[in-house]
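Undergrad: This one is start_38.cif, mmCIF, C-alpha atoms and all ligand atoms.
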data_start
loop_
_atom_site.group_PDB
_atom_site.id
_atom_site.type_symbol
_atom_site.label_atom_id
_atom_site.label_comp_id
_atom_site.auth_asym_id
_atom_site.auth_seq_id
_atom_site.Cartn_x
_atom_site.Cartn_y
_atom_site.Cartn_z
ATOM 1 C CA MET A 1 0.000 0.000 0.000
ATOM 2 C CA SER A 2 1.187 3.513 -0.634
ATOM 3 C CA ASP A 3 0.243 7.015 0.256
ATOM 4 C CA SER A 4 -3.380 7.684 -0.696
ATOM 5 C CA GLY A 5 -3.140 11.438 -0.206
ATOM 6 C CA THR A 6 -1.962 11.933 -3.796
ATOM 7 C CA THR A 7 -3.856 14.444 -5.864
ATOM 8 C CA SER A 8 -3.029 13.639 -9.459
ATOM 9 C CA THR A 9 -2.974 10.652 -11.791
ATOM 10 C CA VAL A 10 -0.047 10.102 -14.156
ATOM 11 C CA SER A 11 -0.719 9.012 -17.721
ATOM 12 C CA PRO A 12 0.937 5.639 -18.424
ATOM 13 C CA PHE A 13 1.509 6.834 -22.004
ATOM 14 C CA SER A 14 2.658 10.461 -21.858
ATOM 15 C CA GLY A 15 3.542 10.932 -18.188
ATOM 16 C CA THR A 16 1.244 13.988 -18.023
ATOM 17 C CA GLU A 17 -0.649 14.558 -14.787
ATOM 18 C CA ASN A 18 -4.407 14.819 -14.300
ATOM 19 C CA PRO A 19 -6.339 15.468 -11.095
ATOM 20 C CA ALA A 20 -7.186 12.271 -9.219
ATOM 21 C CA VAL A 21 -10.895 12.017 -8.494
ATOM 22 C CA SER A 22 -12.992 11.324 -5.404
ATOM 23 C CA VAL A 23 -16.250 9.349 -5.333
ATOM 24 C CA THR A 24 -19.144 10.229 -3.033
ATOM 25 C CA VAL A 25 -22.074 7.860 -2.609
ATOM 26 C CA GLU A 26 -24.811 9.764 -0.800
ATOM 27 C CA ASN A 27 -27.888 8.026 0.645
ATOM 28 C CA LEU A 28 -28.088 5.780 -2.408
ATOM 29 C CA SER A 29 -31.123 3.492 -2.615
ATOM 30 C CA LYS A 30 -32.060 1.307 -5.578
ATOM 31 C CA SER A 31 -35.108 -0.853 -6.170
ATOM 32 C CA PHE A 32 -36.170 -2.990 -9.111
ATOM 33 C CA GLY A 33 -39.971 -2.916 -8.828
ATOM 34 C CA ASP A 34 -40.720 -3.902 -5.203
ATOM 35 C CA PHE A 35 -37.303 -5.494 -4.769
ATOM 36 C CA VAL A 36 -34.997 -3.225 -2.772
ATOM 37 C CA VAL A 37 -31.361 -3.941 -3.662
ATOM 38 C CA LEU A 38 -29.512 -0.971 -2.094
ATOM 39 C CA LYS A 39 -30.734 0.710 1.095
ATOM 40 C CA ASP A 40 -29.471 4.172 1.971
ATOM 41 C CA ILE A 41 -25.775 3.589 1.215
ATOM 42 C CA SER A 42 -23.289 6.389 1.980
ATOM 43 C CA PHE A 43 -19.489 6.409 1.748
ATOM 44 C CA GLN A 44 -16.671 8.412 0.204
ATOM 45 C CA VAL A 45 -13.605 7.247 -1.696
ATOM 46 C CA GLN A 46 -10.609 9.586 -1.526
ATOM 47 C CA PRO A 47 -8.525 10.540 -4.585
ATOM 48 C CA GLY A 48 -5.870 7.873 -5.237
ATOM 49 C CA GLU A 49 -7.403 5.396 -2.776
ATOM 50 C CA ILE A 50 -8.078 1.671 -3.336
ATOM 51 C CA PHE A 51 -11.537 1.029 -1.904
ATOM 52 C CA VAL A 52 -12.578 -2.624 -1.819
ATOM 53 C CA LEU A 53 -16.283 -3.418 -1.688
ATOM 54 C CA MET A 54 -17.074 -6.894 -0.403
ATOM 55 C CA GLY A 55 -20.319 -8.730 0.250
ATOM 56 C CA PRO A 56 -22.152 -11.993 -0.401
ATOM 57 C CA SER A 57 -23.445 -12.926 -3.823
ATOM 58 C CA GLY A 58 -26.573 -10.928 -4.627
ATOM 59 C CA SER A 59 -25.865 -8.203 -2.049
ATOM 60 C CA GLY A 60 -25.871 -5.493 -4.731
ATOM 61 C CA LYS A 61 -22.154 -4.914 -5.421
ATOM 62 C CA SER A 62 -22.417 -4.948 -9.214
ATOM 63 C CA VAL A 63 -25.575 -2.829 -9.106
ATOM 64 C CA LEU A 64 -23.688 -0.256 -7.021
ATOM 65 C CA LEU A 65 -20.758 -0.196 -9.478
ATOM 66 C CA LYS A 66 -23.158 0.299 -12.384
ATOM 67 C CA HIS A 67 -24.392 3.505 -10.717
ATOM 68 C CA LEU A 68 -20.872 4.921 -10.984
ATOM 69 C CA VAL A 69 -20.823 4.546 -14.759
ATOM 70 C CA GLY A 70 -24.448 5.575 -15.320
ATOM 71 C CA LEU A 71 -25.600 2.046 -16.279
ATOM 72 C CA GLU A 72 -28.101 2.161 -13.394
ATOM 73 C CA LEU A 73 -29.852 5.252 -12.035
ATOM 74 C CA PRO A 74 -30.580 5.781 -8.314
ATOM 75 C CA SER A 75 -34.137 5.330 -7.018
ATOM 76 C CA SER A 76 -33.097 7.960 -4.474
ATOM 77 C CA GLY A 77 -29.849 9.564 -3.336
ATOM 78 C CA ARG A 78 -26.940 10.277 -5.653
ATOM 79 C CA VAL A 79 -23.419 9.333 -6.665
ATOM 80 C CA LEU A 80 -20.839 12.049 -7.337
ATOM 81 C CA ILE A 81 -17.499 11.695 -9.074
ATOM 82 C CA ASP A 82 -15.672 14.745 -7.826
ATOM 83 C CA LYS A 83 -18.466 17.298 -8.085
ATOM 84 C CA TYR A 84 -20.183 15.671 -11.065
ATOM 85 C CA ASP A 85 -23.316 13.526 -10.819
ATOM 86 C CA ALA A 86 -22.533 10.016 -12.139
ATOM 87 C CA SER A 87 -26.027 9.717 -13.647
ATOM 88 C CA HIS A 88 -25.361 12.626 -16.059
ATOM 89 C CA GLU A 89 -24.017 11.813 -19.510
ATOM 90 C CA GLU A 90 -21.660 14.861 -19.437
ATOM 91 C CA THR A 91 -19.844 13.390 -16.426
ATOM 92 C CA ARG A 92 -18.332 10.758 -18.707
ATOM 93 C CA GLU A 93 -16.955 13.558 -20.904
ATOM 94 C CA LYS A 94 -15.420 15.360 -17.915
ATOM 95 C CA ILE A 95 -13.991 12.357 -16.049
ATOM 96 C CA ARG A 96 -12.278 9.391 -17.663
ATOM 97 C CA LEU A 97 -13.412 6.249 -15.900
ATOM 98 C CA ALA A 98 -13.160 2.624 -16.878
ATOM 99 C CA LEU A 99 -15.081 -0.409 -15.669
ATOM 100 C CA VAL A 100 -13.427 -3.820 -15.826
ATOM 101 C CA PHE A 101 -16.528 -5.983 -16.151
ATOM 102 C CA GLN A 102 -17.151 -9.111 -14.065
ATOM 103 C CA ALA A 103 -17.164 -11.313 -17.166
ATOM 104 C CA GLY A 104 -14.534 -9.299 -19.064
ATOM 105 C CA ALA A 105 -16.912 -8.202 -21.846
ATOM 106 C CA LEU A 106 -14.255 -8.739 -24.512
ATOM 107 C CA PHE A 107 -15.188 -9.168 -28.171
ATOM 108 C CA ASN A 108 -14.159 -12.636 -29.357
ATOM 109 C CA SER A 109 -14.564 -11.554 -32.981
ATOM 110 C CA LEU A 110 -11.724 -9.038 -32.520
ATOM 111 C CA SER A 111 -8.081 -9.690 -31.699
ATOM 112 C CA VAL A 112 -6.756 -8.636 -28.292
ATOM 113 C CA TYR A 113 -5.040 -5.706 -30.068
ATOM 114 C CA ASP A 114 -8.289 -4.574 -31.705
ATOM 115 C CA ASN A 115 -10.216 -4.957 -28.435
ATOM 116 C CA LEU A 116 -7.801 -2.448 -26.917
ATOM 117 C CA ALA A 117 -7.776 -0.160 -29.979
ATOM 118 C CA LEU A 118 -11.579 -0.043 -30.290
ATOM 119 C CA TYR A 119 -12.207 2.753 -27.780
ATOM 120 C CA LEU A 120 -9.399 4.918 -29.207
ATOM 121 C CA ARG A 121 -10.630 4.400 -32.770
ATOM 122 C CA GLU A 122 -14.304 5.021 -31.956
ATOM 123 C CA HIS A 123 -13.468 8.241 -30.117
ATOM 124 C CA ARG A 124 -10.806 9.224 -32.680
ATOM 125 C CA LEU A 125 -8.340 9.822 -29.855
ATOM 126 C CA ALA A 126 -5.224 9.158 -31.927
ATOM 127 C CA ASP A 127 -4.068 8.242 -35.434
ATOM 128 C CA GLU A 128 -3.129 4.569 -36.085
ATOM 129 C CA ALA A 129 0.525 5.190 -35.098
ATOM 130 C CA GLY A 130 -0.591 6.789 -31.823
ATOM 131 C CA ILE A 131 -3.091 3.999 -31.206
ATOM 132 C CA ASN A 132 -0.379 1.402 -31.821
ATOM 133 C CA GLU A 133 1.887 3.088 -29.295
ATOM 134 C CA LYS A 134 -0.811 3.179 -26.599
ATOM 135 C CA VAL A 135 -2.089 -0.348 -27.209
ATOM 136 C CA MET A 136 1.405 -1.860 -27.195
ATOM 137 C CA ARG A 137 2.332 0.073 -24.043
ATOM 138 C CA ALA A 138 -0.817 -1.156 -22.256
ATOM 139 C CA LEU A 139 -0.100 -4.736 -23.379
ATOM 140 C CA GLN A 140 3.485 -4.370 -22.150
ATOM 141 C CA ILE A 141 2.374 -3.086 -18.719
ATOM 142 C CA LEU A 142 0.195 -6.199 -18.350
ATOM 143 C CA SER A 143 2.863 -8.551 -19.866
ATOM 144 C CA LEU A 144 0.574 -9.410 -22.766
ATOM 145 C CA GLU A 145 2.675 -8.457 -25.806
ATOM 146 C CA ASN A 146 2.577 -12.012 -27.157
ATOM 147 C CA ALA A 147 -1.219 -12.133 -27.002
ATOM 148 C CA ALA A 148 -1.811 -9.104 -29.264
ATOM 149 C CA ARG A 149 -2.917 -11.068 -32.340
ATOM 150 C CA LYS A 150 -4.897 -13.748 -30.502
ATOM 151 C CA SER A 151 -8.652 -13.852 -30.041
ATOM 152 C CA PRO A 152 -9.824 -13.561 -26.413
ATOM 153 C CA SER A 153 -11.450 -17.004 -26.881
ATOM 154 C CA GLU A 154 -7.951 -18.514 -27.158
ATOM 155 C CA LEU A 155 -6.817 -17.115 -23.791
ATOM 156 C CA SER A 156 -6.886 -18.497 -20.253
ATOM 157 C CA GLY A 157 -9.140 -16.892 -17.634
ATOM 158 C CA GLY A 158 -6.190 -15.052 -16.048
ATOM 159 C CA MET A 159 -5.061 -13.650 -19.403
ATOM 160 C CA LYS A 160 -8.607 -12.495 -20.207
ATOM 161 C CA LYS A 161 -8.756 -10.618 -16.903
ATOM 162 C CA ARG A 162 -5.441 -8.953 -17.765
ATOM 163 C CA VAL A 163 -6.689 -8.035 -21.262
ATOM 164 C CA ALA A 164 -9.817 -6.495 -19.698
ATOM 165 C CA ILE A 165 -7.572 -4.419 -17.395
ATOM 166 C CA ALA A 166 -5.298 -3.426 -20.311
ATOM 167 C CA ARG A 167 -8.346 -2.325 -22.298
ATOM 168 C CA ALA A 168 -9.446 -0.149 -19.376
ATOM 169 C CA LEU A 169 -5.943 1.311 -19.040
ATOM 170 C CA VAL A 170 -5.926 2.467 -22.660
ATOM 171 C CA MET A 171 -8.665 4.934 -21.674
ATOM 172 C CA GLU A 172 -6.133 6.602 -19.311
ATOM 173 C CA PRO A 173 -8.710 6.483 -16.520
ATOM 174 C CA GLN A 174 -8.746 8.741 -13.484
ATOM 175 C CA LEU A 175 -11.063 6.185 -11.881
ATOM 176 C CA MET A 176 -10.786 2.395 -12.357
ATOM 177 C CA LEU A 177 -13.675 0.183 -11.324
ATOM 178 C CA TYR A 178 -13.069 -3.560 -11.094
ATOM 179 C CA ASP A 179 -15.907 -6.070 -10.757
ATOM 180 C CA GLU A 180 -14.577 -9.370 -9.291
ATOM 181 C CA PRO A 181 -11.135 -9.135 -10.935
ATOM 182 C CA THR A 182 -9.829 -12.298 -9.223
ATOM 183 C CA SER A 183 -12.891 -14.544 -9.393
ATOM 184 C CA GLU A 184 -12.440 -17.901 -11.141
ATOM 185 C CA LEU A 185 -8.649 -17.624 -10.908
ATOM 186 C CA ASP A 186 -6.221 -19.848 -9.040
ATOM 187 C CA PRO A 187 -4.723 -18.244 -5.895
ATOM 188 C CA VAL A 188 -1.434 -17.327 -7.595
ATOM 189 C CA MET A 189 -3.144 -15.653 -10.540
ATOM 190 C CA GLY A 190 -5.479 -13.953 -8.053
ATOM 191 C CA ALA A 191 -2.438 -12.594 -6.220
ATOM 192 C CA THR A 192 -0.948 -11.475 -9.559
ATOM 193 C CA ILE A 193 -4.068 -9.482 -10.415
ATOM 194 C CA SER A 194 -4.043 -7.940 -6.905
ATOM 195 C CA GLU A 195 -0.429 -6.875 -7.509
ATOM 196 C CA ILE A 196 -1.409 -5.364 -10.858
ATOM 197 C CA ILE A 197 -4.236 -3.325 -9.299
ATOM 198 C CA ALA A 198 -1.937 -2.045 -6.532
ATOM 199 C CA THR A 199 0.823 -1.245 -9.048
ATOM 200 C CA LEU A 200 -1.528 0.719 -11.314
ATOM 201 C CA LYS A 201 -2.610 2.723 -8.296
ATOM 202 C CA ASP A 202 0.968 3.315 -7.108
ATOM 203 C CA GLN A 203 2.442 4.190 -10.518
ATOM 204 C CA TYR A 204 -0.442 6.108 -12.049
ATOM 205 C CA ARG A 205 -2.329 7.081 -8.864
ATOM 206 C CA VAL A 206 -5.663 5.979 -10.266
ATOM 207 C CA THR A 207 -8.535 6.041 -7.775
ATOM 208 C CA SER A 208 -9.703 2.423 -7.684
ATOM 209 C CA ILE A 209 -12.894 0.748 -6.512
ATOM 210 C CA VAL A 210 -12.640 -3.026 -6.454
ATOM 211 C CA VAL A 211 -15.674 -5.245 -5.951
ATOM 212 C CA SER A 212 -14.451 -8.590 -4.710
ATOM 213 C CA HIS A 213 -15.065 -11.629 -2.510
ATOM 214 C CA ASP A 214 -11.320 -12.088 -2.229
ATOM 215 C CA ARG A 215 -10.249 -11.651 1.401
ATOM 216 C CA ASP A 216 -6.542 -11.810 0.503
ATOM 217 C CA LEU A 217 -6.972 -9.041 -2.050
ATOM 218 C CA ALA A 218 -8.781 -6.865 0.507
ATOM 219 C CA LEU A 219 -6.227 -7.510 3.265
ATOM 220 C CA ASN A 220 -3.239 -6.846 1.018
ATOM 221 C CA ILE A 221 -4.107 -3.969 -1.287
ATOM 222 C CA ALA A 222 -7.114 -2.097 0.138
ATOM 223 C CA ASP A 223 -6.771 1.264 1.810
ATOM 224 C CA ARG A 224 -10.321 0.784 3.117
ATOM 225 C CA VAL A 225 -12.949 -1.918 2.869
ATOM 226 C CA GLY A 226 -16.741 -1.633 2.783
ATOM 227 C CA ILE A 227 -18.981 -4.666 3.298
ATOM 228 C CA LEU A 228 -22.458 -4.790 1.767
ATOM 229 C CA MET A 229 -24.996 -7.217 3.214
ATOM 230 C CA GLY A 230 -28.681 -7.320 2.473
ATOM 231 C CA GLY A 231 -28.346 -4.045 0.559
ATOM 232 C CA LYS A 232 -26.814 -2.177 3.524
ATOM 233 C CA LEU A 233 -23.259 -1.065 4.149
ATOM 234 C CA VAL A 234 -22.657 -3.001 7.374
ATOM 235 C CA HIS A 235 -18.939 -2.255 7.758
ATOM 236 C CA LEU A 236 -16.501 0.436 6.646
ATOM 237 C CA GLY A 237 -12.909 0.586 7.803
ATOM 238 C CA PRO A 238 -9.256 -0.293 7.221
ATOM 239 C CA PRO A 239 -8.480 -3.863 6.118
ATOM 240 C CA SER A 240 -6.735 -4.613 9.440
ATOM 241 C CA GLU A 241 -10.191 -4.696 11.056
ATOM 242 C CA LEU A 242 -11.056 -7.720 8.917
ATOM 243 C CA ARG A 243 -8.359 -9.920 10.428
ATOM 244 C CA GLN A 244 -10.461 -10.588 13.523
ATOM 245 C CA PRO A 245 -13.913 -9.138 12.897
ATOM 246 C CA LYS A 246 -16.030 -8.677 16.014
ATOM 247 C CA ASP A 247 -19.349 -9.097 14.213
ATOM 248 C CA PRO A 248 -20.074 -12.875 13.905
ATOM 249 C CA VAL A 249 -21.982 -12.395 10.622
ATOM 250 C CA ILE A 250 -18.994 -10.624 9.028
ATOM 251 C CA ALA A 251 -16.599 -13.216 10.505
ATOM 252 C CA ASP A 252 -18.712 -16.007 9.005
ATOM 253 C CA PHE A 253 -18.769 -14.271 5.612
ATOM 254 C CA LEU A 254 -14.992 -13.778 5.550
ATOM 255 C CA GLN A 255 -13.961 -17.153 6.979
ATOM 256 C CA PRO A 256 -16.907 -19.542 6.934
ATOM 257 C CA VAL A 257 -16.516 -22.685 9.005
ATOM 258 C CA ILE A 258 -17.793 -25.803 7.290
ATOM 259 C CA ASP A 259 -20.239 -27.439 9.699
ATOM 260 C CA LEU A 260 -21.443 -30.854 8.545
ATOM 261 C CA LYS A 261 -23.692 -31.284 11.595
ATOM 262 C CA ASN A 262 -25.623 -28.127 10.831
ATOM 263 C CA PRO A 263 -25.123 -27.581 7.099
ATOM 264 C CA ARG A 264 -25.974 -24.257 5.497
ATOM 265 C CA PHE A 265 -27.628 -25.767 2.436
ATOM 266 C CA LYS A 266 -30.489 -26.997 4.647
ATOM 267 C CA LYS A 267 -31.211 -23.335 5.455
ATOM 268 C CA LEU A 268 -31.164 -22.011 1.888
ATOM 269 C CA GLU A 269 -34.330 -20.361 0.658
ATOM 270 C CA THR A 270 -35.931 -22.082 -2.305
HETATM 271 N N1 LIG B 1 -31.623 -5.108 -13.897
HETATM 272 C C1 LIG B 1 -32.076 -5.795 -12.836
HETATM 273 N N2 LIG B 1 -33.387 -6.031 -12.670
HETATM 274 C C2 LIG B 1 -33.853 -6.710 -11.594
HETATM 275 N N3 LIG B 1 -33.075 -7.181 -10.603
HETATM 276 C C3 LIG B 1 -31.754 -6.983 -10.717
HETATM 277 C C4 LIG B 1 -31.173 -6.288 -11.829
HETATM 278 N N4 LIG B 1 -29.835 -6.228 -11.656
HETATM 279 C C5 LIG B 1 -29.591 -6.864 -10.496
HETATM 280 N N5 LIG B 1 -30.715 -7.327 -9.939
HETATM 281 C C6 LIG B 1 -30.829 -8.048 -8.669
HETATM 282 O O1 LIG B 1 -30.175 -7.289 -7.676
HETATM 283 C C7 LIG B 1 -29.533 -8.135 -6.737
HETATM 284 C C8 LIG B 1 -28.072 -7.725 -6.621
HETATM 285 O O2 LIG B 1 -27.418 -8.050 -7.825
HETATM 286 P P1 LIG B 1 -25.869 -7.808 -8.062
HETATM 287 O O3 LIG B 1 -25.575 -8.265 -9.444
HETATM 288 O O4 LIG B 1 -25.526 -6.399 -7.710
HETATM 289 O O5 LIG B 1 -25.230 -8.786 -6.980
HETATM 290 P P2 LIG B 1 -23.706 -8.942 -6.613
HETATM 291 O O6 LIG B 1 -23.534 -8.501 -5.199
HETATM 292 O O7 LIG B 1 -22.859 -8.293 -7.642
HETATM 293 O O8 LIG B 1 -23.561 -10.552 -6.661
HETATM 294 P P3 LIG B 1 -22.338 -11.471 -7.226
HETATM 295 O O9 LIG B 1 -21.328 -11.488 -6.104
HETATM 296 O O10 LIG B 1 -22.978 -12.822 -7.402
HETATM 297 O O11 LIG B 1 -21.832 -10.874 -8.496
HETATM 298 C C9 LIG B 1 -29.732 -9.561 -7.227
HETATM 299 O O12 LIG B 1 -30.790 -10.147 -6.523
HETATM 300 C C10 LIG B 1 -30.096 -9.381 -8.689
HETATM 301 O O13 LIG B 1 -30.935 -10.421 -9.137
HETATM 302 MG MG MG B 2 -21.607 -9.010 -9.157
#
What would the structure in this file look like if it were written as C-alpha cells?

TA:
Amino acid sequence: MSDSGTTSTVSPFSGTENPAVSVTVENLSKSFGDFVVLKDISFQVQPGEIFVLMGPSGSGKSVLLKHLVGLELPSSGRVLIDKYDASHEETREKIRLALVFQAGALFNSLSVYDNLALYLREHRLADEAGINEKVMRALQILSLENAARKSPSELSGGMKKRVAIARALVMEPQLMLYDEPTSELDPVMGATISEIIATLKDQYRVTSIVVSHDRDLALNIADRVGILMGGKLVHLGPPSELRQPKDPVIADFLQPVIDLKNPRFKKLET
C-alpha cells in the first residue's frame, strides 16, 4: 500500500498529470420494482485510494458499481465523481473512468489488439501510429505483448482478466472500477491481479474501486474496505479490522466454518 493522499494521476503513455478524483455515494437506494437492492448507502472514496467493496453474492455490489458509470440510475440519493453527478451523460466527458466488467466483456470476434484499440478508434483519440503506441504500451504493462494477435477465446481466464484491465488502461482512466477481478482464478493468478491493481494505483495514482469476494486481495491492497450485506453497508474501515472481525456475521462471511452437523444448504431459501 502507498500514500493515498496523492492528488493527481499520471498518464501511463505520456507521463502527463491529471487530477485524481474522489467518489461520493450519498444516501443511495435502488429498487427494481418492489425489490430493494440498495438501502441508503453512503461512503466516500478519496482521490488515489483503493476502496474494496465486499459482500455476499446478490448483495448489490455490481448494481452499485453500475451507478458509478451511469448504467443504473438511483431510485433515491446520488453518486458524485468529484463534483459531477454520475447519472449525467456529461460526467463521462469530464472524467475518464473505466469499468473492468465481471465477465470481461471482450469481443471474441476481434483480436486482443483490436479490443484495446476499439475505444481509441471510436473516439478518434489518436491516429493509427498513436493507437499502436498506446495499445502496445498497455499490453506491455500487463505482460501481454505475445497475445496481441490472438482472439480472447484462445486465452486463459487469467489472461482475459489482464486483457480487460489493459483495455481499461488504454482509456487513461482517473477512476478504475473492477468487478470481481480475481474470481475464477487460481490463488497465484489472483495474487498477480491484486499486484497489478496495486501497481496501477501506485504508478499512475488511479482512484480504484474493487468489488471482490477475495479476502486476501482486501487484506493486502485495500486502503479501506466496505462490506455490503442485504443491501446495507454493514462495515466500513481499514483492512486490518477484517483480520479478527467482532461481528459474527462478518466473521462467518470472511472465513466460513464448514459445519457438517448443521449444514448451510439446509437453510437455503428455495
Ligand atoms: N436489472 C435488474 N433487474 C432486476 N433485478 C436486478 C437487476 N440487476 C440486479 N438485480 C438483482 O439485484 C440483486 C443484486 O445483484 P448484483 O448483481 O448487484 O449482486 P452482486 O452482489 O454483484 O452478486 P455477485 O457477487 O454474485 O456478483 C440480485 O438479486 C439481482 O438479481
Ligand atoms: Mg456481481

Undergrad: Around all listed atoms of stretch 68-81 of chain A, padded 8 Å per side, what centre and edge lengths does the axis-aligned box have in Å to one decimal, as AutoDock Vina command-line options?

TA:
--center_x -25.8 --center_y 7.0 --center_z -9.8 --size_x 32.6 --size_y 26.0 --size_z 28.9

Undergrad: Can you work out which one of A:Asn108, A:Ser11, A:Gln102, A:Gln44 has the shortest atom-to-atom distance to ligand LIG 1 (chain B), counting all atoms listed in the file?

TA: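 Counting all atoms listed in the file, the residue closest to ligand LIG 1 (chain B) is A:Gln102.
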
Undergrad: Taking the file above as input, evaluate the PyMOL selection byres (((chain A and resi 243) around 10) and not hetatm) and report the hits as a ChimeraX atom specification.

TA: /A:215,219,239-242,244-246,251,254-255

Undergrad: Please determine, counting all atoms listed in the file, which residue among A:Ser111, A:Asn220, A:Ser156, A:Thr207 has the shortest atom-to-atom distance to A:Leu185.

TA: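 For A:Leu185, the nearest of the candidates is A:Ser156.
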
Undergrad: Report as a list of chain:residue names which protein, DNA and RNA residues come within 10 Å of ligand MG 2 (chain B), using only C-alpha atoms and all ligand atoms.

TA: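 Selection of residues at most 10 Å from ligand MG 2 (chain B): A:Gly55, A:Pro56, A:Ser57, A:Gly58, A:Ser59, A:Gly60, A:Lys61, A:Ser62, A:Val63, A:Leu64, A:Leu65, A:Lys66, A:Phe101, A:Gln102, A:Ala103, A:Asp179, A:Glu180, A:Val211, A:Ser212, A:His213.
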
Undergrad: For C-alpha atoms, I'd like the residues from the last selection saved as a compact mmCIF listing (two decimals), in the frame of the given file.

TA:
# COMPACT_ATOMS: atom_id res chain seq x y z
CA GLY A 55 -20.32 -8.73 0.25
CA PRO A 56 -22.15 -11.99 -0.40
CA SER A 57 -23.44 -12.93 -3.82
CA GLY A 58 -26.57 -10.93 -4.63
CA SER A 59 -25.86 -8.20 -2.05
CA GLY A 60 -25.87 -5.49 -4.73
CA LYS A 61 -22.15 -4.91 -5.42
CA SER A 62 -22.42 -4.95 -9.21
CA VAL A 63 -25.58 -2.83 -9.11
CA LEU A 64 -23.69 -0.26 -7.02
CA LEU A 65 -20.76 -0.20 -9.48
CA LYS A 66 -23.16 0.30 -12.38
CA PHE A 101 -16.53 -5.98 -16.15
CA GLN A 102 -17.15 -9.11 -14.06
CA ALA A 103 -17.16 -11.31 -17.17
CA ASP A 179 -15.91 -6.07 -10.76
CA GLU A 180 -14.58 -9.37 -9.29
CA VAL A 211 -15.67 -5.24 -5.95
CA SER A 212 -14.45 -8.59 -4.71
CA HIS A 213 -15.06 -11.63 -2.51

Undergrad: Using all atoms listed in the file, can you tell me which of A:Asp247, A:Asp214, A:Asp202, A:Asp252 comes closest to ligand LIG 1 (chain B)?

TA: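 Under the stated criterion, the closest residue is A:Asp214.
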
Undergrad: Residues picked by the PyMOL selection byres (((chain A and resi 158) around 9) and not hetatm) here, as a list in words?

TA: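 For this structure, the PyMOL selection byres (((chain A and resi 158) around 9) and not hetatm) resolves to Leu155, Ser156, Gly157, Met159, Lys160, Lys161, Arg162, Val163, Thr182, Glu184, Leu185, Asp186, Met189, Gly190 and Ile193 of chain A.
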
Undergrad: Any idea what the distance is between atom N5 of ligand LIG 1 (chain B) and atom CA of A:Leu73?

TA: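 These two atoms are separated by 12.8 Å.
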
Undergrad: When you look at A:Ser75 with a cut-off of 7 Å (counting only C-alpha atoms), what residues show up, excluding the ones that are within fewer than 5 positions of it in the same chain? I need them as an MDAnalysis selection string.

TA: chainID A and resid 29:31

Undergrad: Let's have the selection written as a PDB file, keeping the file's coordinate frame, with C-alpha atoms.

TA:
ATOM      1  CA  SER A  29     -31.123   3.492  -2.615  1.00  0.00           C
ATOM      2  CA  LYS A  30     -32.060   1.307  -5.578  1.00  0.00           C
ATOM      3  CA  SER A  31     -35.108  -0.853  -6.170  1.00  0.00           C
TER       4      SER A  31
END

Undergrad: Between atom N3 of ligand LIG 1 (chain B) and atom CA of A:Phe32, what distance in Å does the model show, to one decimal?

TA: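 So the answer is 5.4 Å.
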
Undergrad: What does the structure give for the distance between atom CA of A:Leu38 and atom CA of A:Gly230, in Å to one decimal?

TA: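 Computing the Euclidean distance for atom CA of A:Leu38 and atom CA of A:Gly230 yields 7.9 Å.
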
Undergrad: Nearest to ligand LIG 1 (chain B) among A:Gly33, A:Pro19, A:Gly48, A:Pro74, with distances taken over only C-alpha atoms and all ligand atoms: which residue is it?

TA: A:Gly33

Undergrad: Run the PyMOL selection byres (((chain A and resi 87) around 7) and not hetatm) on the file and write out the hits as a list in words.

TA: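 That expression, the PyMOL selection byres (((chain A and resi 87) around 7) and not hetatm), corresponds here to Gly70, Leu73, Asp85, Ala86, His88 and Glu89 of chain A.
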
Undergrad: Go through A:Val100, A:Ile50, A:Val45, A:Val36 one by one, measure the shortest atom-to-atom distance of each to ligand LIG 1 (chain B) using only C-alpha atoms and all ligand atoms, and give the residue with the smallest value.

TA: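 So, comparing all the options, the nearest one is A:Val36.
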
Undergrad: Extract, using all atoms listed in the file, all DNA, RNA and protein residues at most 9 Å from A:Asp40, discarding same-chain residues fewer than 5 positions from it, and format them as a list in words.

TA: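 Surrounding residues, per the criterion: Glu26, Asn27, Leu28, Ser29, Lys30, Ser76, Gly77, Gly231, Lys232 and Leu233 of chain A.
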
Undergrad: Would you save the residues of that selection, restricted to C-alpha atoms, as a short mmCIF file (atom, residue, chain, number, x, y, z; two decimals), in the coordinates of the input?

TA:
data_model
loop_
_atom_site.label_atom_id
_atom_site.label_comp_id
_atom_site.auth_asym_id
_atom_site.auth_seq_id
_atom_site.Cartn_x
_atom_site.Cartn_y
_atom_site.Cartn_z
CA GLU A 26 -24.81 9.76 -0.80
CA ASN A 27 -27.89 8.03 0.64
CA LEU A 28 -28.09 5.78 -2.41
CA SER A 29 -31.12 3.49 -2.62
CA LYS A 30 -32.06 1.31 -5.58
CA SER A 76 -33.10 7.96 -4.47
CA GLY A 77 -29.85 9.56 -3.34
CA GLY A 231 -28.35 -4.04 0.56
CA LYS A 232 -26.81 -2.18 3.52
CA LEU A 233 -23.26 -1.06 4.15
#

Undergrad: Name all residues at most 12 Å from A:Leu118 (count all atoms listed in the file; drop same-chain ones fewer than 4 positions away) and give them as a list of chain:residue names.

TA: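 Answer for this query is A:Leu106, A:Phe107, A:Leu110, A:Ser111, A:Val112, A:Tyr113, A:Asp114, A:Glu122, A:His123, A:Arg124, A:Leu125, A:Ala126, A:Glu128, A:Ile131, A:Asn132, A:Lys134, A:Val135, A:Arg167, A:Ala168, A:Val170, A:Met171.
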
Undergrad: Based on the selection just made, write C-alpha atoms of those residues as a compact mmCIF listing (two decimals), keeping the file's coordinate frame.

TA:
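Okay, this is what ended up in selection24.txt:
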# COMPACT_ATOMS: atom_id res chain seq x y z
CA LEU A 106 -14.26 -8.74 -24.51
CA PHE A 107 -15.19 -9.17 -28.17
CA LEU A 110 -11.72 -9.04 -32.52
CA SER A 111 -8.08 -9.69 -31.70
CA VAL A 112 -6.76 -8.64 -28.29
CA TYR A 113 -5.04 -5.71 -30.07
CA ASP A 114 -8.29 -4.57 -31.70
CA GLU A 122 -14.30 5.02 -31.96
CA HIS A 123 -13.47 8.24 -30.12
CA ARG A 124 -10.81 9.22 -32.68
CA LEU A 125 -8.34 9.82 -29.86
CA ALA A 126 -5.22 9.16 -31.93
CA GLU A 128 -3.13 4.57 -36.08
CA ILE A 131 -3.09 4.00 -31.21
CA ASN A 132 -0.38 1.40 -31.82
CA LYS A 134 -0.81 3.18 -26.60
CA VAL A 135 -2.09 -0.35 -27.21
CA ARG A 167 -8.35 -2.33 -22.30
CA ALA A 168 -9.45 -0.15 -19.38
CA VAL A 170 -5.93 2.47 -22.66
CA MET A 171 -8.66 4.93 -21.67
